$ cat data.tsv   # TSV, C-alpha atoms
chain	number	residue	atom	x	y	z
A	22	MET	CA	16.76	-1.00	-5.48
A	23	THR	CA	16.33	-2.60	-2.09
A	24	SER	CA	19.69	-3.95	-1.02
A	25	SER	CA	23.21	-2.73	-0.47
A	26	SER	CA	26.12	-4.51	-2.16
A	27	PRO	CA	29.85	-3.98	-2.78
A	28	ARG	CA	29.01	-2.86	-6.33
A	29	ARG	CA	26.44	-0.35	-5.03
A	30	ALA	CA	29.01	0.99	-2.60
A	31	LEU	CA	31.40	1.24	-5.54
A	32	ALA	CA	28.90	3.31	-7.50
A	33	ALA	CA	28.17	5.52	-4.51
A	34	SER	CA	31.86	6.15	-3.91
A	35	LEU	CA	32.23	7.15	-7.55
A	36	VAL	CA	29.49	9.75	-7.39
A	37	LEU	CA	30.56	10.98	-3.98
A	38	GLY	CA	34.25	11.10	-4.89
A	39	VAL	CA	35.22	8.84	-2.00
A	40	SER	CA	37.97	7.07	-3.89
A	41	GLY	CA	40.02	5.23	-1.28
A	42	ALA	CA	38.21	1.90	-1.39
A	43	LEU	CA	37.88	2.13	-5.15
A	44	LEU	CA	41.58	2.62	-5.71
A	45	SER	CA	42.35	-0.60	-3.92
A	46	ALA	CA	39.53	-2.41	-5.72
A	47	VAL	CA	40.00	-1.39	-9.36
A	48	GLY	CA	43.22	0.61	-9.53
A	49	PRO	CA	43.98	4.30	-9.88
A	50	SER	CA	42.93	4.49	-13.53
A	51	ALA	CA	39.28	3.78	-12.66
A	52	VAL	CA	38.59	6.73	-10.37
A	53	ALA	CA	40.09	9.97	-9.12
A	54	ALA	CA	39.27	12.05	-6.04
A	55	ASP	CA	36.59	14.62	-6.75
A	56	PRO	CA	37.55	18.14	-5.62
A	57	GLN	CA	33.87	19.02	-5.21
A	58	SER	CA	32.87	15.96	-3.20
A	59	SER	CA	31.04	16.24	0.10
A	60	SER	CA	30.03	13.56	2.55
A	61	ALA	CA	26.40	12.45	2.46
A	62	SER	CA	24.52	11.71	5.65
A	63	THR	CA	21.37	9.99	6.71
A	64	VAL	CA	18.74	12.25	8.24
A	65	ALA	CA	16.82	10.70	11.08
A	66	ALA	CA	13.32	12.14	11.09
A	67	LYS	CA	11.67	13.07	14.34
A	68	PRO	CA	9.68	10.01	15.35
A	69	HIS	CA	6.11	10.36	14.11
A	70	HIS	CA	3.16	8.08	13.60
A	71	GLY	CA	1.95	7.01	10.16
A	72	GLY	CA	-1.15	8.76	8.86
A	73	LYS	CA	-3.41	6.76	6.59
A	74	GLY	CA	-3.61	3.07	7.36
A	75	HIS	CA	-5.69	0.00	8.00
A	76	HIS	CA	-8.01	0.91	10.89
A	77	LYS	CA	-9.82	-2.40	11.39
A	78	HIS	CA	-7.04	-3.70	13.63
A	79	LYS	CA	-5.27	-1.25	15.86
A	80	GLY	CA	-1.54	-0.91	15.93
A	81	LYS	CA	1.13	1.71	16.22
A	82	VAL	CA	4.10	2.62	14.03
A	83	THR	CA	6.82	5.12	14.85
A	84	TRP	CA	8.98	6.05	11.86
A	85	ASP	CA	12.58	6.49	12.98
A	86	VAL	CA	14.30	7.25	9.65
A	87	THR	CA	12.38	8.54	6.62
A	88	SER	CA	15.11	10.43	4.76
A	89	VAL	CA	18.19	8.67	3.36
A	90	THR	CA	20.87	9.12	0.72
A	91	ALA	CA	21.01	6.35	-1.88
A	92	GLY	CA	24.04	4.09	-2.05
A	93	THR	CA	25.43	4.95	1.36
A	94	GLY	CA	24.15	1.93	3.28
A	95	ALA	CA	21.59	4.06	5.12
A	96	VAL	CA	18.28	2.37	5.93
A	97	VAL	CA	14.62	3.33	6.36
A	98	ALA	CA	13.63	2.34	9.91
A	99	ALA	CA	10.51	2.03	12.06
A	100	HIS	CA	9.30	0.36	15.22
A	101	GLY	CA	5.98	-0.15	16.97
A	102	LYS	CA	3.31	-2.69	17.70
A	103	VAL	CA	1.10	-4.73	15.36
A	104	PRO	CA	-2.00	-6.84	16.09
A	105	GLY	CA	-1.24	-10.45	16.96
A	106	ARG	CA	1.76	-12.31	18.30
A	107	LYS	CA	4.88	-13.39	16.40
A	108	VAL	CA	3.51	-11.91	13.19
A	109	LYS	CA	5.52	-11.50	9.98
A	110	VAL	CA	6.09	-7.78	9.42
A	111	LYS	CA	7.15	-6.30	6.08
A	112	LEU	CA	8.54	-2.94	5.04
A	113	GLN	CA	7.18	-2.14	1.57
A	114	VAL	CA	7.45	0.57	-1.11
A	115	LYS	CA	4.71	1.42	-3.64
A	116	ALA	CA	5.64	0.84	-7.29
A	117	GLY	CA	2.79	1.68	-9.63
A	118	LYS	CA	-0.10	-0.33	-8.21
A	119	LYS	CA	2.11	-2.88	-6.48
A	120	TRP	CA	3.79	-2.99	-3.08
A	121	ILE	CA	7.35	-4.36	-3.07
A	122	SER	CA	9.00	-5.58	0.12
A	123	PHE	CA	12.49	-4.37	1.05
A	124	GLY	CA	12.62	-5.35	4.72
A	125	LYS	CA	11.10	-8.02	6.93
A	126	THR	CA	11.03	-9.14	10.53
A	127	LYS	CA	8.73	-10.85	13.03
A	128	SER	CA	6.99	-9.28	16.01
A	129	ASP	CA	7.40	-10.63	19.53
A	130	LYS	CA	4.72	-12.17	21.73
A	131	LYS	CA	3.34	-8.72	22.50
A	132	GLY	CA	3.26	-7.64	18.87
A	133	LYS	CA	6.26	-5.33	19.24
A	134	PHE	CA	8.69	-5.04	16.33
A	135	ALA	CA	11.60	-3.06	14.92
A	136	ILE	CA	12.26	-3.12	11.18
A	137	SER	CA	14.64	-1.55	8.68
A	138	GLY	CA	15.61	-1.87	5.04
A	139	ALA	CA	17.82	-0.25	2.40
A	140	LEU	CA	15.93	1.75	-0.24
A	141	ASP	CA	18.30	3.01	-2.94
A	142	TRP	CA	15.70	4.34	-5.40
A	143	TYR	CA	15.92	8.11	-5.92
A	144	GLY	CA	12.78	10.14	-5.20
A	145	VAL	CA	9.94	10.47	-2.71
A	146	HIS	CA	8.05	7.20	-2.26
A	147	LYS	CA	5.10	5.80	-0.36
A	148	VAL	CA	6.35	3.28	2.19
A	149	ARG	CA	4.37	1.19	4.64
A	150	VAL	CA	4.69	-1.31	7.47
A	151	SER	CA	2.43	-4.22	6.60
A	152	THR	CA	1.16	-7.52	7.98
A	153	SER	CA	-1.24	-9.99	6.38
A	154	GLY	CA	-3.71	-12.58	7.56
A	155	ARG	CA	-6.88	-12.22	9.61
A	156	LYS	CA	-5.49	-9.23	11.47
A	157	ALA	CA	-3.98	-7.48	8.47
A	158	PHE	CA	-2.45	-4.12	9.33
A	159	HIS	CA	-0.92	-1.35	7.25
A	160	LYS	CA	0.59	1.98	8.27
A	161	GLY	CA	2.30	4.23	5.76
A	162	THR	CA	4.34	7.38	5.33
A	163	LYS	CA	6.47	9.08	2.67
A	164	VAL	CA	10.20	8.43	2.43
A	165	SER	CA	12.72	10.66	0.67
A	166	VAL	CA	15.71	9.04	-1.04
A	167	ALA	CA	18.25	11.67	-2.11
A	168	THR	CA	20.91	11.44	-4.80
A	169	PRO	CA	24.48	11.44	-3.38
A	170	TYR	CA	25.25	14.49	-5.55
A	171	ALA	CA	23.41	17.60	-6.76
A	172	PRO	CA	22.19	16.81	-10.31
A	173	ARG	CA	22.63	19.70	-12.72
A	174	GLY	CA	20.26	20.56	-15.55
A	175	ASN	CA	16.49	20.71	-15.97
A	176	PRO	CA	14.20	17.73	-15.21
A	177	ALA	CA	12.25	18.51	-18.39
A	178	ASP	CA	15.34	17.98	-20.56
A	179	HIS	CA	14.85	14.40	-21.69
A	180	ALA	CA	13.23	12.47	-24.53
A	181	PHE	CA	12.29	8.88	-25.34
A	182	THR	CA	13.49	6.94	-28.35
A	183	LEU	CA	10.05	6.28	-29.87
A	184	SER	CA	8.35	9.49	-28.68
A	185	SER	CA	7.80	10.67	-32.27
A	186	GLN	CA	5.58	7.60	-32.72
A	187	GLY	CA	3.81	8.10	-29.42
A	188	GLN	CA	5.72	5.16	-27.97
A	189	ARG	CA	8.52	4.40	-25.55
A	190	TYR	CA	10.21	1.17	-24.56
A	191	SER	CA	11.36	-0.14	-21.21
A	192	PHE	CA	12.41	-3.24	-19.33
A	193	ASN	CA	9.82	-4.62	-16.91
A	194	PRO	CA	10.90	-2.70	-13.77
A	195	CYS	CA	9.53	-5.44	-11.51
A	196	LYS	CA	12.16	-7.91	-12.77
A	197	THR	CA	15.89	-7.89	-12.08
A	198	ILE	CA	18.05	-7.03	-15.11
A	199	ARG	CA	20.80	-9.66	-15.32
A	200	TYR	CA	23.79	-8.29	-17.18
A	201	VAL	CA	27.07	-9.60	-18.56
A	202	VAL	CA	30.23	-7.76	-19.62
A	203	ASN	CA	32.56	-8.50	-22.53
A	204	ALA	CA	35.75	-6.78	-21.38
A	205	ASP	CA	38.11	-9.03	-23.33
A	206	ASP	CA	39.77	-5.95	-24.86
A	207	VAL	CA	40.04	-3.77	-21.76
A	208	GLY	CA	40.39	-6.04	-18.72
A	209	PRO	CA	39.00	-5.85	-15.14
A	210	THR	CA	38.75	-2.03	-15.08
A	211	GLY	CA	36.20	-2.28	-17.88
A	212	ILE	CA	34.06	-4.59	-15.75
A	213	ALA	CA	34.26	-2.20	-12.77
A	214	LEU	CA	33.25	0.76	-14.97
A	215	ALA	CA	30.32	-1.22	-16.36
A	216	GLN	CA	29.15	-2.23	-12.88
A	217	ALA	CA	29.29	1.37	-11.64
A	218	GLY	CA	27.21	2.51	-14.62
A	219	MET	CA	24.55	-0.15	-14.09
A	220	GLU	CA	24.29	0.74	-10.40
A	221	GLN	CA	23.73	4.41	-11.25
A	222	MET	CA	20.94	3.39	-13.63
A	223	SER	CA	19.46	1.11	-10.96
A	224	MET	CA	19.30	3.90	-8.37
A	225	ALA	CA	17.65	6.20	-10.91
A	226	THR	CA	15.00	3.69	-12.04
A	227	GLY	CA	14.49	1.54	-8.97
A	228	ILE	CA	15.14	-1.53	-11.13
A	229	ASP	CA	17.32	-4.18	-9.49
A	230	VAL	CA	20.38	-5.20	-11.50
A	231	LYS	CA	22.63	-8.24	-11.11
A	232	TYR	CA	26.05	-8.87	-12.64
A	233	VAL	CA	26.04	-12.53	-13.75
A	234	GLY	CA	29.46	-12.82	-15.36
A	235	THR	CA	31.52	-12.27	-18.46
A	236	SER	CA	30.67	-12.74	-22.13
A	237	HIS	CA	32.49	-12.87	-25.47
A	238	THR	CA	29.55	-11.52	-27.49
A	239	ILE	CA	29.68	-8.09	-29.15
A	240	ALA	CA	26.59	-5.91	-29.38
A	241	THR	CA	26.84	-4.71	-32.99
A	242	ALA	CA	25.63	-1.29	-34.09
A	243	ASP	CA	22.98	-2.72	-36.44
A	244	GLY	CA	21.24	-4.44	-33.52
A	245	ARG	CA	21.53	-7.86	-35.16
A	246	TRP	CA	23.91	-9.39	-32.67
A	247	PRO	CA	23.17	-12.92	-31.39
A	248	LYS	CA	20.33	-13.42	-28.97
A	249	LEU	CA	21.61	-13.61	-25.40
A	250	PRO	CA	21.47	-16.99	-23.62
A	251	LYS	CA	18.83	-17.73	-21.01
A	252	GLY	CA	19.55	-15.87	-17.77
A	253	GLN	CA	21.09	-12.84	-19.53
A	254	ASP	CA	19.14	-9.65	-20.30
A	255	PHE	CA	21.74	-6.96	-20.90
A	256	LEU	CA	25.15	-6.97	-22.59
A	257	ILE	CA	27.94	-4.42	-22.10
A	258	SER	CA	30.75	-4.98	-24.58
A	259	TRP	CA	33.92	-3.45	-26.02
A	260	ALA	CA	34.93	-3.94	-29.64
A	261	THR	CA	37.55	-2.64	-32.07
A	262	GLU	CA	36.79	-0.35	-34.99
A	263	ALA	CA	37.54	-3.28	-37.31
A	264	GLU	CA	34.80	-5.30	-35.58
A	265	VAL	CA	32.30	-2.43	-35.55
A	266	PRO	CA	33.04	-0.20	-38.58
A	267	GLU	CA	30.22	2.17	-37.59
A	268	PHE	CA	32.54	3.62	-34.93
A	269	VAL	CA	34.44	5.21	-37.84
A	270	THR	CA	31.64	5.80	-40.36
A	271	THR	CA	29.16	7.43	-37.94
A	272	PRO	CA	31.50	8.55	-36.20
A	273	ALA	CA	30.88	7.44	-32.60
A	274	ILE	CA	32.64	5.81	-29.65
A	275	GLY	CA	29.60	3.86	-28.45
A	276	PHE	CA	26.19	2.52	-29.41
A	277	GLY	CA	23.29	1.37	-27.26
A	278	GLY	CA	19.77	0.08	-27.65
A	279	PRO	CA	17.35	-2.82	-27.32
A	280	ARG	CA	17.79	-6.26	-28.88
A	281	LEU	CA	14.28	-7.65	-28.35
A	282	VAL	CA	11.11	-5.57	-27.82
A	283	TYR	CA	7.50	-6.75	-27.50
A	284	TYR	CA	4.15	-4.98	-27.29
A	285	GLY	CA	3.28	-4.34	-23.66
A	286	ARG	CA	1.26	-2.29	-21.19
A	287	ASP	CA	2.34	-0.70	-17.94
A	288	ALA	CA	0.41	-0.83	-14.66
A	289	HIS	CA	-1.69	2.15	-15.76
A	290	GLY	CA	-2.75	0.50	-19.02
A	291	LYS	CA	-0.51	2.64	-21.23
A	292	HIS	CA	1.10	1.07	-24.30
A	293	VAL	CA	4.84	0.56	-23.96
A	294	GLY	CA	7.47	-1.46	-25.77
A	295	LEU	CA	8.57	-4.24	-23.41
A	296	THR	CA	12.33	-4.72	-23.75
A	297	THR	CA	13.55	-8.20	-22.89
A	298	GLN	CA	17.15	-7.88	-24.12
A	299	ALA	CA	19.38	-4.84	-24.71
A	300	GLY	CA	23.02	-3.95	-24.95
A	301	ILE	CA	25.77	-1.46	-25.61
A	302	VAL	CA	29.09	-1.57	-27.45
A	303	LEU	CA	32.07	0.71	-26.76
A	304	ASP	CA	35.07	1.60	-28.93
A	305	THR	CA	38.22	-0.22	-27.76
A	306	ASP	CA	40.50	1.89	-29.97
A	307	ALA	CA	39.11	5.11	-28.50
A	308	TYR	CA	39.44	3.62	-24.99
A	309	PHE	CA	43.21	3.32	-25.41
A	310	SER	CA	43.66	6.52	-27.45
A	311	GLY	CA	44.48	8.70	-24.43
A	312	VAL	CA	41.76	11.17	-25.41
A	313	TYR	CA	39.39	10.01	-22.65
A	314	ASP	CA	39.86	9.33	-18.93
A	315	GLN	CA	39.23	5.66	-18.09
A	316	SER	CA	37.05	6.71	-15.16
A	317	TYR	CA	33.91	8.58	-14.09
A	318	LEU	CA	35.89	11.70	-13.19
A	319	GLY	CA	38.75	13.50	-14.85
A	320	THR	CA	40.09	16.57	-16.59
A	321	LYS	CA	39.46	14.87	-19.95
A	322	PRO	CA	36.08	13.51	-21.13
A	323	ALA	CA	35.39	10.48	-18.95
A	324	TRP	CA	34.45	7.01	-20.17
A	325	GLY	CA	31.84	6.98	-17.40
A	326	GLU	CA	29.91	9.61	-19.38
A	327	THR	CA	29.81	7.43	-22.49
A	328	ILE	CA	28.88	4.29	-20.56
A	329	LEU	CA	25.96	6.08	-18.88
A	330	HIS	CA	24.91	7.60	-22.22
A	331	GLU	CA	24.72	4.22	-23.98
A	332	ILE	CA	22.99	2.58	-21.00
A	333	GLY	CA	20.46	5.42	-21.25
A	334	HIS	CA	19.78	4.46	-24.90
A	335	ALA	CA	19.39	0.81	-23.94
A	336	MET	CA	16.87	1.88	-21.28
A	337	GLY	CA	14.80	3.88	-23.77
A	338	LEU	CA	16.22	7.41	-23.64
A	339	ALA	CA	16.94	9.43	-26.78
A	340	HIS	CA	19.36	12.29	-27.37
A	341	PHE	CA	18.53	15.69	-25.91
A	342	GLU	CA	20.17	18.97	-26.88
A	343	ALA	CA	21.26	20.11	-23.41
A	344	THR	CA	24.95	19.90	-22.51
A	345	ASP	CA	24.13	19.52	-18.80
A	346	GLU	CA	22.63	16.08	-19.54
A	347	ILE	CA	24.44	12.80	-20.15
A	348	MET	CA	22.08	12.17	-23.08
A	349	TYR	CA	23.51	15.13	-24.99
A	350	PRO	CA	24.80	13.73	-28.34
A	351	GLY	CA	28.51	14.42	-28.10
A	352	ALA	CA	31.31	13.40	-25.75
A	353	GLY	CA	33.37	16.15	-24.14
A	354	ARG	CA	30.73	18.89	-24.25
A	355	GLY	CA	29.58	18.65	-20.63
A	356	VAL	CA	32.57	19.93	-18.66
A	357	TYR	CA	31.74	21.29	-15.20
A	358	PRO	CA	32.66	24.85	-14.14
A	359	ASP	CA	35.69	23.54	-12.22
A	360	GLY	CA	37.12	22.01	-15.41
A	361	TYR	CA	36.29	18.41	-14.53
A	362	PHE	CA	34.19	15.91	-16.46
A	363	ARG	CA	31.86	13.70	-14.42
A	364	GLY	CA	30.00	10.54	-15.29
A	365	LEU	CA	26.81	11.54	-13.47
A	366	TYR	CA	23.26	11.57	-14.75
A	367	GLY	CA	21.73	15.07	-14.93
A	368	ALA	CA	18.29	16.12	-13.71
A	369	GLY	CA	16.72	15.52	-17.12
A	370	ASP	CA	18.36	12.11	-17.49
A	371	LEU	CA	17.12	11.10	-14.04
A	372	ALA	CA	13.56	12.23	-14.82
A	373	GLY	CA	13.51	10.19	-18.02
A	374	LEU	CA	14.91	7.10	-16.34
A	375	ALA	CA	12.39	7.48	-13.50
A	376	THR	CA	9.54	7.42	-16.05
A	377	ASN	CA	10.90	4.14	-17.43
A	378	GLY	CA	11.47	2.76	-13.94
A	379	LEU	CA	9.37	1.47	-11.07
A	380	ASP	CA	7.10	4.54	-11.13
A	381	GLN	CA	5.24	3.01	-14.10
A	382	GLY	CA	4.60	-0.24	-12.26
A	383	CYS	CA	5.04	-3.71	-13.74
A	384	ILE	CA	4.85	-4.20	-17.53
A	385	THR	CA	3.04	-7.14	-19.09
A	386	LYS	CA	3.02	-8.37	-22.67
A	387	ALA	CA	-0.06	-7.08	-24.49
A	388	SER	CA	-2.38	-9.48	-26.24
A	389	ARG	CA	-2.52	-8.63	-29.96
A	390	PRO	CA	-4.58	-11.28	-31.83
A	391	ARG	CA	-3.42	-12.05	-35.40
A	392	VAL	CA	-0.53	-9.61	-34.98
A	393	SER	CA	3.05	-10.48	-34.08
A	394	ALA	CA	3.72	-9.74	-30.43
A	395	ARG	CA	7.23	-8.57	-31.29
A	396	MET	CA	7.79	-4.94	-32.22
A	397	ALA	CA	10.21	-3.65	-34.83
A	398	THR	CA	13.37	-3.05	-32.81
A	399	PRO	CA	14.73	0.53	-32.95
A	400	ARG	CA	18.23	0.80	-34.40
A	401	MET	CA	21.09	1.11	-31.92
A	402	GLN	CA	21.87	4.78	-31.21
A	403	TYR	CA	25.27	6.38	-30.77
$ encode --input "data.tsv" --output "structure tokens"
Amino acid sequence: MTSSSPRRALAASLVLGVSGALLSAVGPSAVAADPQSSSASTVAAKPHHGGKGHHKHKGKVTWDVTSVTAGTGAVVAAHGKVPGRKVKVKLQVKAGKKWISFGKTKSDKKGKFAISGALDWYGVHKVRVSTSGRKAFHKGTKVSVATPYAPRGNPADHAFTLSSQGQRYSFNPCKTIRYVVNADDVGPTGIALAQAGMEQMSMATGIDVKYVGTSHTIATADGRWPKLPKGQDFLISWATEAEVPEFVTTPAIGFGGPRLVYYGRDAHGKHVGLTTQAGIVLDTDAYFSGVYDQSYLGTKPAWGETILHEIGHAMGLAHFEATDEIMYPGAGRGVYPDGYFRGLYGAGDLAGLATNGLDQGCITKASRPRVSARMATPRMQY
């Protein structure tokens, strides 16, 4: 959410259609130039002073940049003067009831400072400049973080896996999701595709993600695959139809869902299933069939669509009957008017992911005396 990285740049270039760097990084099969792409730019707001703030100790904040496009390396920026000398200054975003830092600096002897930080979490957020101590000072404003593309569809077009039971499940958005990739069957391009998908999810939810290496585990369709080792929360894997027969019997080319879920509450006290491990499995035979583009953009259904779809299931989203959305249950139905297929979350997908993201605040395990803290895990979805 709060830092730029080569993988985030990779994801941004995929959604923007800026393919030059990608081609050299992962090869021509991973991405193609998008005929509808347009360059995104950072909008520098007219300098203005924060409104509401901490008035006990006087200070001044001028907001230099309050509108950015996610994934482009653009930063939120401010300068001004805080009470005290050589004070630690933080740039923070509100997540539920918590403030999370995404930039820091130190003021000079006169209290003057300049601060900036990358905020790659889609939406409009409350942001503040903050200091602590005896002369605590806070000045805030609203910051707009735009998607690097125009999402199609309706924000209302989404659903949650356990909504019929009045439940939903989600990772704790205040913790980094550490993920591994089993690309034994498909090679380095499979890892690059997985990374780009996780970065798209991260920008939609505000949840930080971290690639921690490869794996040889397969996330089976029945959800009974081995528990992930310590330090791993999310598994992206490829498997043959012999290894996962449900690819043929369902039929499907991917499955996704949680592995471990516990009773929890979000920052607003609402019940939620707290996911601690999840994963997806993708059909190796279909990958090499020639039916699908091994990319996030192409004239055939793109593997990026399926990867995003299964990640959506793992993050708590259910199917929705709207072909404009990635969570529509069927590959190849969401072609764009120009004849291209794009692995991009729609407006409904983004709204659902936002609900299960930092907007809900931190999730804690709920205390349930005499009752198992672990929930019945929903079956992996196709």
$ closest_residue --input "data.tsv" --among "A:Thr270, A:Asn193, A:Thr162, A:Thr238" --to "Gln113 (chain A)" --atoms "all atoms listed in the file"
A:Thr162
$ atom_distance --input "data.tsv" --atom1 "CA of Gly132 (chain A)" --atom2 "CA of Val148 (chain A)"
20.2 Å
$ closest_residue --input "data.tsv" --among "A:Asp345, A:Asp178, A:Glu264, A:Asp205" --to "Ser236 (chain A)" --atoms "all atoms listed in the file"
A:Asp205
$ closest_residue --input "data.tsv" --among "A:Ile384, A:Val97, A:Ala177, A:Met224" --to "Ala368 (chain A)" --atoms "all atoms listed in the file"
A:Ala177
$ atom_distance --input "data.tsv" --atom1 "CA of Leu303 (chain A)" --atom2 "CA of Tyr361 (chain A)"
21.9 Å
$ atom_distance --input "data.tsv" --atom1 "CA of Pro250 (chain A)" --atom2 "CA of Pro279 (chain A)"
15.2 Å
$ closest_atom_pairs --input "data.tsv" --of "region 199-286 of chain A" --to "region 135-147 of chain A" --cutoff "9 Å" --atoms "all atoms listed in the file" --output "tab-separated table"
residue	atom	partner	partner_atom	distance
A:Ser223	CA	A:Trp142	CA	7.4
A:Met224	CA	A:Trp142	CA	4.7
A:Ala225	CA	A:Tyr143	CA	5.6
A:Thr226	CA	A:Trp142	CA	6.7
A:Gly227	CA	A:Trp142	CA	4.7
A:Ile228	CA	A:Trp142	CA	8.2
$ residues_around --input "data.tsv" --residues "Gly252 (chain A)" --least-positions-apart "5" --cutoff "12 Å" --atoms "all atoms listed in the file" --output "PyMOL selection string"
chain A and resi 196-201+231-234+297-298
$ closest_residue --input "data.tsv" --among "A:Ile274, A:Leu338, A:Val82, A:Ala157" --to "Asn377 (chain A)" --atoms "all atoms listed in the file"
A:Leu338
$ closest_residue --input "data.tsv" --among "A:Gly208, A:Gly325, A:Gly244, A:Gly285" --to "Glu267 (chain A)" --atoms "only C-alpha atoms"
A:Gly244
$ closest_residue --input "data.tsv" --among "A:Ala204, A:Ala91, A:Ala299, A:Ile328" --to "Trp246 (chain A)" --atoms "only C-alpha atoms"
A:Ala299
$ residues_around --input "data.tsv" --residues "Lys133 (chain A)" --least-positions-apart "3" --cutoff "9 Å" --atoms "all atoms listed in the file" --output "PyMOL selection string"
chain A and resi 100-104+106-107+127-130
$ residues_around --input "data.tsv" --residues "Asn175 (chain A)" --least-positions-apart "3" --cutoff "9 Å" --atoms "all atoms listed in the file" --output "ChimeraX atom specification"
/A:172,178-179,343,345-346,367-370
$ residues_around --input "data.tsv" --residues "Leu112 (chain A)" --least-positions-apart "3" --cutoff "7 Å" --atoms "only C-alpha atoms" --output "count of residues only"
7
$ residues_near_point --input "data.tsv" --point "(23.9, 4.8, -22.9)" --cutoff "12 Å" --atoms "all atoms listed in the file" --output "MDAnalysis selection string"
chainID A and resid 182 215 218:219 221:222 256:257 274:279 299:303 324:340 346:352 364:366 370 374 401:403
$ residues_around --input "data.tsv" --residues "Val269 (chain A)" --least-positions-apart "3" --cutoff "12 Å" --atoms "all atoms listed in the file" --output "ChimeraX atom specification"
/A:242,261-266,272-275,304,306-307,403
